[in-house]
Each structure stands twice: as structure tokens, then as C-alpha cells.
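Asks: Structure file coords09.pdb (PDB, C-alpha atoms) is given on the next line.
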MODEL        1
ATOM      1  CA  MET A   1     -24.076  45.155 -90.382  1.00  0.00           C
ATOM      2  CA  LYS A   2     -27.184  43.595 -91.962  1.00  0.00           C
ATOM      3  CA  LYS A   3     -25.407  40.227 -92.208  1.00  0.00           C
ATOM      4  CA  THR A   4     -24.400  40.434 -88.537  1.00  0.00           C
ATOM      5  CA  LEU A   5     -27.960  41.218 -87.463  1.00  0.00           C
ATOM      6  CA  LEU A   6     -29.234  38.378 -89.649  1.00  0.00           C
ATOM      7  CA  LEU A   7     -26.816  35.896 -88.070  1.00  0.00           C
ATOM      8  CA  ILE A   8     -27.777  37.072 -84.575  1.00  0.00           C
ATOM      9  CA  GLY A   9     -31.447  36.699 -85.492  1.00  0.00           C
ATOM     10  CA  ILE A  10     -30.922  33.169 -86.825  1.00  0.00           C
ATOM     11  CA  PHE A  11     -28.995  32.238 -83.679  1.00  0.00           C
ATOM     12  CA  LEU A  12     -31.739  33.594 -81.384  1.00  0.00           C
ATOM     13  CA  VAL A  13     -34.473  31.805 -83.351  1.00  0.00           C
ATOM     14  CA  THR A  14     -32.490  28.555 -83.276  1.00  0.00           C
ATOM     15  CA  LEU A  15     -31.835  28.938 -79.541  1.00  0.00           C
ATOM     16  CA  THR A  16     -35.512  29.672 -78.835  1.00  0.00           C
ATOM     17  CA  THR A  17     -36.661  26.716 -80.931  1.00  0.00           C
ATOM     18  CA  TYR A  18     -34.185  24.400 -79.234  1.00  0.00           C
ATOM     19  CA  SER A  19     -35.115  25.584 -75.724  1.00  0.00           C
ATOM     20  CA  GLN A  20     -38.802  24.923 -76.429  1.00  0.00           C
ATOM     21  CA  ASN A  21     -38.133  21.313 -77.353  1.00  0.00           C
ATOM     22  CA  ASN A  22     -35.070  20.435 -75.306  1.00  0.00           C
ATOM     23  CA  GLN A  23     -33.501  21.142 -71.959  1.00  0.00           C
ATOM     24  CA  ILE A  24     -31.260  24.199 -71.882  1.00  0.00           C
ATOM     25  CA  GLU A  25     -29.507  25.578 -68.784  1.00  0.00           C
ATOM     26  CA  PHE A  26     -27.230  28.522 -68.036  1.00  0.00           C
ATOM     27  CA  GLY A  27     -24.509  28.857 -65.438  1.00  0.00           C
ATOM     28  CA  ILE A  28     -21.401  30.608 -64.209  1.00  0.00           C
ATOM     29  CA  LYS A  29     -18.016  29.240 -63.215  1.00  0.00           C
ATOM     30  CA  ALA A  30     -14.758  30.397 -61.649  1.00  0.00           C
ATOM     31  CA  GLY A  31     -11.569  28.721 -60.575  1.00  0.00           C
ATOM     32  CA  LEU A  32      -7.802  28.391 -60.610  1.00  0.00           C
ATOM     33  CA  ASN A  33      -5.330  27.698 -63.417  1.00  0.00           C
ATOM     34  CA  TYR A  34      -2.048  25.832 -63.079  1.00  0.00           C
ATOM     35  CA  ALA A  35      -0.457  26.840 -66.369  1.00  0.00           C
ATOM     36  CA  SER A  36       2.829  26.454 -68.172  1.00  0.00           C
ATOM     37  CA  PHE A  37       4.292  26.103 -71.671  1.00  0.00           C
ATOM     38  CA  ILE A  38       5.857  23.224 -73.550  1.00  0.00           C
ATOM     39  CA  ASP A  39       8.912  24.415 -75.518  1.00  0.00           C
ATOM     40  CA  ASN A  40       9.245  23.098 -79.083  1.00  0.00           C
ATOM     41  CA  ASN A  41      11.989  25.509 -80.099  1.00  0.00           C
ATOM     42  CA  ASP A  42      14.831  23.712 -81.912  1.00  0.00           C
ATOM     43  CA  ASP A  43      17.294  26.604 -82.121  1.00  0.00           C
ATOM     44  CA  ASP A  44      20.006  27.581 -79.640  1.00  0.00           C
ATOM     45  CA  ILE A  45      17.706  29.513 -77.324  1.00  0.00           C
ATOM     46  CA  SER A  46      15.453  27.248 -75.279  1.00  0.00           C
ATOM     47  CA  ALA A  47      13.979  27.735 -71.852  1.00  0.00           C
ATOM     48  CA  ASP A  48      12.806  25.694 -68.906  1.00  0.00           C
ATOM     49  CA  TYR A  49       9.249  26.580 -67.896  1.00  0.00           C
ATOM     50  CA  LYS A  50       7.680  26.276 -64.458  1.00  0.00           C
ATOM     51  CA  ALA A  51       3.937  26.451 -63.926  1.00  0.00           C
ATOM     52  CA  LYS A  52       2.251  29.484 -62.397  1.00  0.00           C
ATOM     53  CA  ILE A  53      -1.114  29.781 -60.668  1.00  0.00           C
ATOM     54  CA  GLY A  54      -3.718  32.052 -62.265  1.00  0.00           C
ATOM     55  CA  PHE A  55      -7.486  32.179 -62.480  1.00  0.00           C
ATOM     56  CA  HIS A  56     -10.405  31.944 -64.898  1.00  0.00           C
ATOM     57  CA  LEU A  57     -14.055  32.993 -64.773  1.00  0.00           C
ATOM     58  CA  GLY A  58     -17.026  33.121 -67.101  1.00  0.00           C
ATOM     59  CA  GLY A  59     -20.285  31.471 -68.034  1.00  0.00           C
ATOM     60  CA  PHE A  60     -21.638  28.416 -69.813  1.00  0.00           C
ATOM     61  CA  VAL A  61     -24.718  27.042 -71.556  1.00  0.00           C
ATOM     62  CA  ILE A  62     -25.804  23.411 -71.348  1.00  0.00           C
ATOM     63  CA  PHE A  63     -27.753  21.900 -74.250  1.00  0.00           C
ATOM     64  CA  GLY A  64     -29.292  18.579 -73.253  1.00  0.00           C
ATOM     65  CA  ILE A  65     -29.017  16.127 -76.147  1.00  0.00           C
ATOM     66  CA  SER A  66     -30.122  13.026 -74.268  1.00  0.00           C
ATOM     67  CA  LYS A  67     -30.268  11.767 -70.713  1.00  0.00           C
ATOM     68  CA  LYS A  68     -26.561  10.897 -70.843  1.00  0.00           C
ATOM     69  CA  ILE A  69     -25.098  13.451 -73.257  1.00  0.00           C
ATOM     70  CA  SER A  70     -25.049  17.244 -73.334  1.00  0.00           C
ATOM     71  CA  ILE A  71     -23.134  19.967 -75.220  1.00  0.00           C
ATOM     72  CA  ARG A  72     -21.563  22.704 -73.073  1.00  0.00           C
ATOM     73  CA  PRO A  73     -20.137  25.835 -74.749  1.00  0.00           C
ATOM     74  CA  GLU A  74     -18.306  28.209 -72.392  1.00  0.00           C
ATOM     75  CA  LEU A  75     -17.010  31.771 -72.583  1.00  0.00           C
ATOM     76  CA  LEU A  76     -14.085  32.367 -70.204  1.00  0.00           C
ATOM     77  CA  TYR A  77     -11.590  35.050 -69.292  1.00  0.00           C
ATOM     78  CA  SER A  78      -8.350  33.384 -68.242  1.00  0.00           C
ATOM     79  CA  GLN A  79      -5.090  34.654 -66.745  1.00  0.00           C
ATOM     80  CA  GLN A  80      -2.222  32.214 -67.170  1.00  0.00           C
ATOM     81  CA  GLY A  81       1.499  32.134 -67.736  1.00  0.00           C
ATOM     82  CA  SER A  82       4.774  30.646 -66.584  1.00  0.00           C
ATOM     83  CA  ASP A  83       8.124  31.344 -64.969  1.00  0.00           C
ATOM     84  CA  PHE A  84      11.092  30.571 -67.224  1.00  0.00           C
ATOM     85  CA  SER A  85      14.833  30.172 -67.014  1.00  0.00           C
ATOM     86  CA  ILE A  86      17.446  30.142 -69.816  1.00  0.00           C
ATOM     87  CA  ASN A  87      20.735  28.396 -69.100  1.00  0.00           C
ATOM     88  CA  GLY A  88      23.473  30.658 -70.501  1.00  0.00           C
ATOM     89  CA  SER A  89      25.969  27.793 -70.786  1.00  0.00           C
ATOM     90  CA  GLU A  90      23.773  26.278 -73.528  1.00  0.00           C
ATOM     91  CA  LEU A  91      23.985  29.380 -75.715  1.00  0.00           C
ATOM     92  CA  THR A  92      26.671  28.763 -78.327  1.00  0.00           C
ATOM     93  CA  PHE A  93      27.199  32.448 -79.077  1.00  0.00           C
ATOM     94  CA  PHE A  94      28.404  33.252 -75.522  1.00  0.00           C
ATOM     95  CA  ASN A  95      31.804  32.481 -74.015  1.00  0.00           C
ATOM     96  CA  PRO A  96      31.648  31.369 -70.357  1.00  0.00           C
ATOM     97  CA  ASN A  97      35.091  32.968 -69.857  1.00  0.00           C
ATOM     98  CA  ASP A  98      33.780  36.365 -70.958  1.00  0.00           C
ATOM     99  CA  PRO A  99      33.643  38.733 -67.949  1.00  0.00           C
ATOM    100  CA  VAL A 100      30.150  39.875 -68.952  1.00  0.00           C
ATOM    101  CA  PHE A 101      28.866  36.315 -69.323  1.00  0.00           C
ATOM    102  CA  ILE A 102      25.604  35.656 -67.462  1.00  0.00           C
ATOM    103  CA  ALA A 103      24.973  32.112 -66.283  1.00  0.00           C
ATOM    104  CA  SER A 104      21.195  32.289 -66.671  1.00  0.00           C
ATOM    105  CA  VAL A 105      18.266  34.503 -67.573  1.00  0.00           C
ATOM    106  CA  ASP A 106      15.101  34.282 -65.488  1.00  0.00           C
ATOM    107  CA  GLY A 107      11.728  35.843 -65.980  1.00  0.00           C
ATOM    108  CA  LYS A 108       7.997  35.325 -66.224  1.00  0.00           C
ATOM    109  CA  ILE A 109       5.258  35.380 -68.831  1.00  0.00           C
ATOM    110  CA  LYS A 110       1.801  36.725 -67.984  1.00  0.00           C
ATOM    111  CA  GLU A 111      -1.011  36.293 -70.467  1.00  0.00           C
ATOM    112  CA  SER A 112      -4.727  37.140 -70.558  1.00  0.00           C
ATOM    113  CA  LEU A 113      -6.906  35.137 -72.932  1.00  0.00           C
ATOM    114  CA  LEU A 114     -10.487  34.865 -74.064  1.00  0.00           C
ATOM    115  CA  LEU A 115     -11.370  31.156 -74.260  1.00  0.00           C
ATOM    116  CA  ILE A 116     -14.304  29.353 -75.875  1.00  0.00           C
ATOM    117  CA  PRO A 117     -14.348  25.646 -74.970  1.00  0.00           C
ATOM    118  CA  ILE A 118     -17.101  23.564 -76.587  1.00  0.00           C
ATOM    119  CA  MET A 119     -17.332  20.423 -74.505  1.00  0.00           C
ATOM    120  CA  THR A 120     -19.291  17.246 -75.123  1.00  0.00           C
ATOM    121  CA  VAL A 121     -20.269  15.926 -71.694  1.00  0.00           C
ATOM    122  CA  TYR A 122     -21.119  12.307 -70.909  1.00  0.00           C
ATOM    123  CA  HIS A 123     -22.981  11.783 -67.629  1.00  0.00           C
ATOM    124  CA  PHE A 124     -22.174   8.460 -66.009  1.00  0.00           C
ATOM    125  CA  ASN A 125     -24.816   9.184 -63.385  1.00  0.00           C
ATOM    126  CA  GLU A 126     -26.286  12.204 -61.579  1.00  0.00           C
ATOM    127  CA  LYS A 127     -22.965  12.927 -59.868  1.00  0.00           C
ATOM    128  CA  ILE A 128     -20.064  12.110 -62.185  1.00  0.00           C
ATOM    129  CA  SER A 129     -19.444  13.278 -65.756  1.00  0.00           C
ATOM    130  CA  LEU A 130     -16.672  13.224 -68.373  1.00  0.00           C
ATOM    131  CA  ALA A 131     -16.072  16.166 -70.746  1.00  0.00           C
ATOM    132  CA  LEU A 132     -14.105  16.252 -73.999  1.00  0.00           C
ATOM    133  CA  GLY A 133     -13.936  18.877 -76.710  1.00  0.00           C
ATOM    134  CA  PRO A 134     -12.069  21.605 -78.608  1.00  0.00           C
ATOM    135  CA  GLN A 135     -11.084  24.972 -77.180  1.00  0.00           C
ATOM    136  CA  PHE A 136     -10.658  28.183 -79.173  1.00  0.00           C
ATOM    137  CA  GLY A 137      -8.650  31.034 -77.684  1.00  0.00           C
ATOM    138  CA  TYR A 138      -7.485  34.565 -78.376  1.00  0.00           C
ATOM    139  CA  SER A 139      -4.628  36.275 -76.548  1.00  0.00           C
ATOM    140  CA  LEU A 140      -5.796  39.661 -75.266  1.00  0.00           C
ATOM    141  CA  ASN A 141      -2.468  40.632 -73.716  1.00  0.00           C
ATOM    142  CA  ARG A 142       0.957  39.109 -73.076  1.00  0.00           C
ATOM    143  CA  GLU A 143       3.642  40.575 -70.824  1.00  0.00           C
ATOM    144  CA  ILE A 144       7.192  39.224 -70.631  1.00  0.00           C
ATOM    145  CA  GLU A 145       9.321  40.298 -67.678  1.00  0.00           C
ATOM    146  CA  PHE A 146      13.070  39.563 -67.473  1.00  0.00           C
ATOM    147  CA  GLU A 147      14.833  39.585 -64.109  1.00  0.00           C
ATOM    148  CA  ASN A 148      18.362  39.654 -65.607  1.00  0.00           C
ATOM    149  CA  ASN A 149      18.585  40.142 -69.328  1.00  0.00           C
ATOM    150  CA  SER A 150      21.509  42.453 -70.030  1.00  0.00           C
ATOM    151  CA  PHE A 151      22.240  40.760 -73.371  1.00  0.00           C
ATOM    152  CA  GLY A 152      18.713  41.446 -74.601  1.00  0.00           C
ATOM    153  CA  ILE A 153      17.185  38.078 -75.463  1.00  0.00           C
ATOM    154  CA  GLU A 154      13.673  38.383 -76.869  1.00  0.00           C
ATOM    155  CA  LEU A 155      12.287  35.032 -75.789  1.00  0.00           C
ATOM    156  CA  ILE A 156       8.828  35.268 -77.289  1.00  0.00           C
ATOM    157  CA  ARG A 157       7.652  37.641 -79.990  1.00  0.00           C
ATOM    158  CA  ASN A 158       4.253  39.290 -79.555  1.00  0.00           C
ATOM    159  CA  ASP A 159       3.230  38.810 -83.167  1.00  0.00           C
ATOM    160  CA  ASP A 160      -0.332  39.728 -84.053  1.00  0.00           C
ATOM    161  CA  ASP A 161      -0.611  36.653 -86.271  1.00  0.00           C
ATOM    162  CA  GLU A 162       0.050  34.323 -83.331  1.00  0.00           C
ATOM    163  CA  LYS A 163      -2.693  35.452 -80.992  1.00  0.00           C
ATOM    164  CA  PHE A 164      -5.159  32.711 -81.941  1.00  0.00           C
ATOM    165  CA  GLU A 165      -5.040  29.391 -80.139  1.00  0.00           C
ATOM    166  CA  PHE A 166      -6.688  26.038 -80.728  1.00  0.00           C
ATOM    167  CA  GLY A 167      -6.532  23.205 -78.242  1.00  0.00           C
ATOM    168  CA  ILE A 168      -8.267  20.190 -76.765  1.00  0.00           C
ATOM    169  CA  GLY A 169      -9.731  19.794 -73.297  1.00  0.00           C
ATOM    170  CA  LEU A 170     -10.438  16.714 -71.181  1.00  0.00           C
ATOM    171  CA  GLY A 171     -12.086  16.897 -67.772  1.00  0.00           C
ATOM    172  CA  LEU A 172     -14.075  15.306 -64.974  1.00  0.00           C
ATOM    173  CA  GLY A 173     -17.025  16.839 -63.173  1.00  0.00           C
ATOM    174  CA  TYR A 174     -18.722  16.108 -59.865  1.00  0.00           C
ATOM    175  CA  SER A 175     -22.147  17.503 -58.890  1.00  0.00           C
ATOM    176  CA  PHE A 176     -22.920  18.066 -55.208  1.00  0.00           C
ATOM    177  CA  SER A 177     -26.478  19.055 -56.137  1.00  0.00           C
ATOM    178  CA  ASN A 178     -28.493  19.893 -59.237  1.00  0.00           C
ATOM    179  CA  ASP A 179     -27.053  23.421 -59.277  1.00  0.00           C
ATOM    180  CA  PHE A 180     -23.620  23.204 -57.681  1.00  0.00           C
ATOM    181  CA  GLY A 181     -20.532  21.231 -58.676  1.00  0.00           C
ATOM    182  CA  ILE A 182     -16.794  21.193 -59.307  1.00  0.00           C
ATOM    183  CA  SER A 183     -14.720  20.260 -62.343  1.00  0.00           C
ATOM    184  CA  LEU A 184     -11.111  19.372 -63.090  1.00  0.00           C
ATOM    185  CA  ARG A 185      -9.936  19.863 -66.663  1.00  0.00           C
ATOM    186  CA  TYR A 186      -6.693  19.672 -68.637  1.00  0.00           C
ATOM    187  CA  ASN A 187      -6.257  21.844 -71.735  1.00  0.00           C
ATOM    188  CA  TYR A 188      -3.469  21.399 -74.274  1.00  0.00           C
ATOM    189  CA  GLY A 189      -2.786  23.927 -77.031  1.00  0.00           C
ATOM    190  CA  ILE A 190      -2.409  21.969 -80.260  1.00  0.00           C
ATOM    191  CA  ILE A 191      -1.383  24.965 -82.341  1.00  0.00           C
ATOM    192  CA  GLU A 192       2.040  26.371 -81.448  1.00  0.00           C
ATOM    193  CA  ARG A 193       2.305  30.060 -80.644  1.00  0.00           C
ATOM    194  CA  GLN A 194       5.860  31.425 -80.655  1.00  0.00           C
ATOM    195  CA  ASN A 195       7.163  27.811 -80.722  1.00  0.00           C
ATOM    196  CA  LEU A 196       5.225  27.021 -77.543  1.00  0.00           C
ATOM    197  CA  ASN A 197       2.248  24.841 -76.690  1.00  0.00           C
ATOM    198  CA  THR A 198       0.140  25.854 -73.721  1.00  0.00           C
ATOM    199  CA  SER A 199      -0.506  23.352 -70.946  1.00  0.00           C
ATOM    200  CA  VAL A 200      -3.166  24.269 -68.372  1.00  0.00           C
ATOM    201  CA  VAL A 201      -4.890  22.440 -65.529  1.00  0.00           C
ATOM    202  CA  GLN A 202      -8.141  24.085 -64.396  1.00  0.00           C
ATOM    203  CA  LEU A 203     -10.015  23.521 -61.147  1.00  0.00           C
ATOM    204  CA  ALA A 204     -13.403  25.257 -61.153  1.00  0.00           C
ATOM    205  CA  ILE A 205     -16.610  25.740 -59.205  1.00  0.00           C
ATOM    206  CA  ASN A 206     -19.757  25.598 -61.370  1.00  0.00           C
ATOM    207  CA  TYR A 207     -23.164  27.038 -60.506  1.00  0.00           C
ATOM    208  CA  LYS A 208     -26.327  26.729 -62.612  1.00  0.00           C
ATOM    209  CA  LEU A 209     -28.536  29.816 -62.629  1.00  0.00           C
TER     210      LEU A 209
ENDMDL
END
Once you've parsed the file, please lay out its structure as C-alpha cells.
Replies:
Amino acid sequence: MKKTLLLIGIFLVTLTTYSQNNQIEFGIKAGLNYASFIDNNDDDISADYKAKIGFHLGGFVIFGISKKISIRPELLYSQQGSDFSINGSELTFFNPNDPVFIASVDGKIKESLLLIPIMTVYHFNEKISLALGPQFGYSLNREIEFENNSFGIELIRNDDDEKFEFGIGLGLGYSFSNDFGISLRYNYGIIERQNLNTSVVQLAINYKL
């Protein structure tokens, strides 16, 4: 507990010192996700994934490093997922002539995550900017729904040791005014979770407080 309080104290002192000597701004953002998964599973069970629309919302802090460059950490809650389909004819352990054979299995994955992108932003001018940086994530909840799964395939395990995610984000921003703007960003999960890499396009509205 003492160590936690000490770290919080050091962070607050550092933040106060920085804000006295540099430009620091706070803001909120919200927008839509267009998310899916990239399947890297090499065994007999593989699926085709189709993107689903979700949403994200949260806040950000902007640390001005220079006139052209700033650092922008964000804290976001994000709902994302994908529809999937498994082609039964590709499963070697099923006989298409079997009367209980099912041609395909369809379903959807819904996932809620806590995301922490840390973006380095380059400002071409007052309107247009480019952002690049790592993103850390933690899966708060994952639900897998099967529409027809009588032979009981477990497509993705909900292992506790595969809740953490690390990825990279690349985006463009456009400012309508000093306080209001929009951003388009692509995030790719570098670390596989359950043999899958996340792939998310985000469109967001940003507002500086």
C-alpha cells in the first residue's frame, strides 16, 4: 500500500512539474469500432471471421513535447468482436455422409476490453496530424455464441492467461477547431490470443476539455 501511494505521489509530482513547464491538455473521445480477428490457427478447426460494429469511449491526455510533436496516452473502454463461420466440410473428423453431419457452424464473439494506447502524434499543421504508438489491452469479458453447434466445438478458450493484449496503432487526425476534431485509427494486435490477432478500425470524435 505504501509503495502504491509513493508511486501515485511521484506521478502527481511529475505531472505537476511537467504541466508548469510544458503544455498539457485533457480531453474525452467516443466513436465506432469496425472489428474482426485474423485466424492463425494451423489445426483442423479454422474459421472465417466477418467484422462487427461496436463502440469505444474514454479520455486522453496530451503532453506537448514541441510545436510539432506531442505524446497522447488514452484510457478507453471498447466493445468489439466478430461474426464467424466454420465450414464443416473442412473438418477431417466428420463424414459428410453421416446423417448428423452439419455443413457449417455460425456464431459471434463479443468482447469488452480496457485499452491504453500511448500515441506519439506528429502535427503537420494546425489541422492534420499523424499518430503512431503501442496499445496495451485487457479483456474484461468475452462471450461466444453459437447458432448451430450440436457437435460442441469450443472455438476459443477463455483462458485467464490470455486476457492481456499488446498491439500497434496508426491513425490520422483532423481538427475542426482547437477543441474539436475527428480521428481514424487502425489497431493490430501483435500478440496472439487464442490463436487470433485482433484487427480494429476506429472512427472517433475528440473534444478537449
Asks: Go ahead and compute the interatomic distance for CA of Ile53 in chain A and CA of Ile118 in chain A, in Å to one decimal.
Replies: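 Calculated distance between CA of Ile53 in chain A and CA of Ile118 in chain A is 23.4 Å.
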Asks: The PyMOL selection byres ((chain A and resi 108) around 6) on the file shown: which residues, as a ChimeraX atom specification?
Replies: /A:82-84,107,109,144-145
Asks: Need the shell around Ser66 in chain A: protein/DNA/RNA residues with any atom at most 10 Å away, counting all atoms listed in the file. Skip same-chain ones fewer than 5 positions apart. Format as a ChimeraX atom specification?
Replies: /A:22-23,71,122-123
Asks: Take the residues just selected and output them with C-alpha atoms as a PDB file, in the coordinates of the input.
Replies:
ATOM      1  CA  ASN A  22     -35.070  20.435 -75.306  1.00  0.00           C
ATOM      2  CA  GLN A  23     -33.501  21.142 -71.959  1.00  0.00           C
ATOM      3  CA  ILE A  71     -23.134  19.967 -75.220  1.00  0.00           C
ATOM      4  CA  TYR A 122     -21.119  12.307 -70.909  1.00  0.00           C
ATOM      5  CA  HIS A 123     -22.981  11.783 -67.629  1.00  0.00           C
TER       6      HIS A 123
END
Asks: Return as a compact mmCIF listing (two decimals) with C-alpha atoms, in the frame of the given file the set of residues that the PyMOL selection byres ((chain A and resi 73) around 9) yields on the displayed structure.
Replies:
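What follows is the written file result.txt:
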# COMPACT_ATOMS: atom_id res chain seq x y z
CA GLY A 59 -20.28 31.47 -68.03
CA PHE A 60 -21.64 28.42 -69.81
CA VAL A 61 -24.72 27.04 -71.56
CA ILE A 62 -25.80 23.41 -71.35
CA PHE A 63 -27.75 21.90 -74.25
CA ILE A 71 -23.13 19.97 -75.22
CA ARG A 72 -21.56 22.70 -73.07
CA GLU A 74 -18.31 28.21 -72.39
CA LEU A 75 -17.01 31.77 -72.58
CA ILE A 116 -14.30 29.35 -75.88
CA PRO A 117 -14.35 25.65 -74.97
CA ILE A 118 -17.10 23.56 -76.59
CA MET A 119 -17.33 20.42 -74.50
CA THR A 120 -19.29 17.25 -75.12
Asks: Which residue gives the smallest distance to Val105 in chain A among A:Ile28, A:Asp48, A:Ser175, A:Ala204, with only C-alpha atoms counted?
Replies: A:Asp48
Asks: Here's the selection I'm unsure about, the PyMOL selection byres ((chain A and resi 54) around 10); applied to the file above, which residues does it give, as a tab-separated table (two decimals) with C-alpha atoms, in the frame of the given file?
Replies:
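Saved as part_24.tsv:
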chain	number	residue	atom	x	y	z
A	31	GLY	CA	-11.57	28.72	-60.58
A	32	LEU	CA	-7.80	28.39	-60.61
A	33	ASN	CA	-5.33	27.70	-63.42
A	34	TYR	CA	-2.05	25.83	-63.08
A	35	ALA	CA	-0.46	26.84	-66.37
A	51	ALA	CA	3.94	26.45	-63.93
A	52	LYS	CA	2.25	29.48	-62.40
A	53	ILE	CA	-1.11	29.78	-60.67
A	55	PHE	CA	-7.49	32.18	-62.48
A	56	HIS	CA	-10.40	31.94	-64.90
A	78	SER	CA	-8.35	33.38	-68.24
A	79	GLN	CA	-5.09	34.65	-66.74
A	80	GLN	CA	-2.22	32.21	-67.17
A	81	GLY	CA	1.50	32.13	-67.74
A	82	SER	CA	4.77	30.65	-66.58
A	110	LYS	CA	1.80	36.72	-67.98
A	111	GLU	CA	-1.01	36.29	-70.47
A	112	SER	CA	-4.73	37.14	-70.56
A	200	VAL	CA	-3.17	24.27	-68.37
A	202	GLN	CA	-8.14	24.08	-64.40
Asks: Can you tell me which residues surround Ser129 in chain A at a distance of at most 10 Å, considering all atoms listed in the file, apart from same-chain residues fewer than 6 positions away, and format the answer as a ChimeraX atom specification?
Replies: /A:68-69,121-123,171-175,183
Asks: Using only C-alpha atoms for the distances, tell me which of A:Asn206, A:Ser139, A:Ser70, A:Asn125 is nearest to Arg193 in chain A.
Replies: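 Result for the nearest residue to Arg193 in chain A: A:Ser139.
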Asks: So what do you get for CA of Tyr207 in chain A versus CA of Ser36 in chain A, distance-wise?
Replies: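 Distance reported for this atom pair: 27.1 Å.
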Asks: Report, in Å to a single decimal, how far apart CA of Tyr188 in chain A and CA of Gly167 in chain A are.
Replies: 5.3 Å
Asks: With a distance cut-off of 10 Å and only C-alpha atoms, select the neighbouring residues of Ile190 in chain A, excluding the residue or stretch itself and same-chain residues fewer than 3 positions from it, and output the selection as a PyMOL selection string.
Replies: chain A and resi 134-135+165-168+187+193+196-199
Asks: Can you list, as a VMD selection string, every protein, DNA or RNA residue that comes within 6 Å of Gly137 in chain A when you count only C-alpha atoms, leaving out same-chain residues fewer than 4 positions away?
Replies: chain A and resid 114 to 115 164 to 165
Asks: So which one's closest to Asp179 in chain A, A:Leu209, A:Ile191, A:Val201, A:Ala30? Using all atoms listed in the file, please.
Replies: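 Selected residue with least distance to Asp179 in chain A: A:Leu209.
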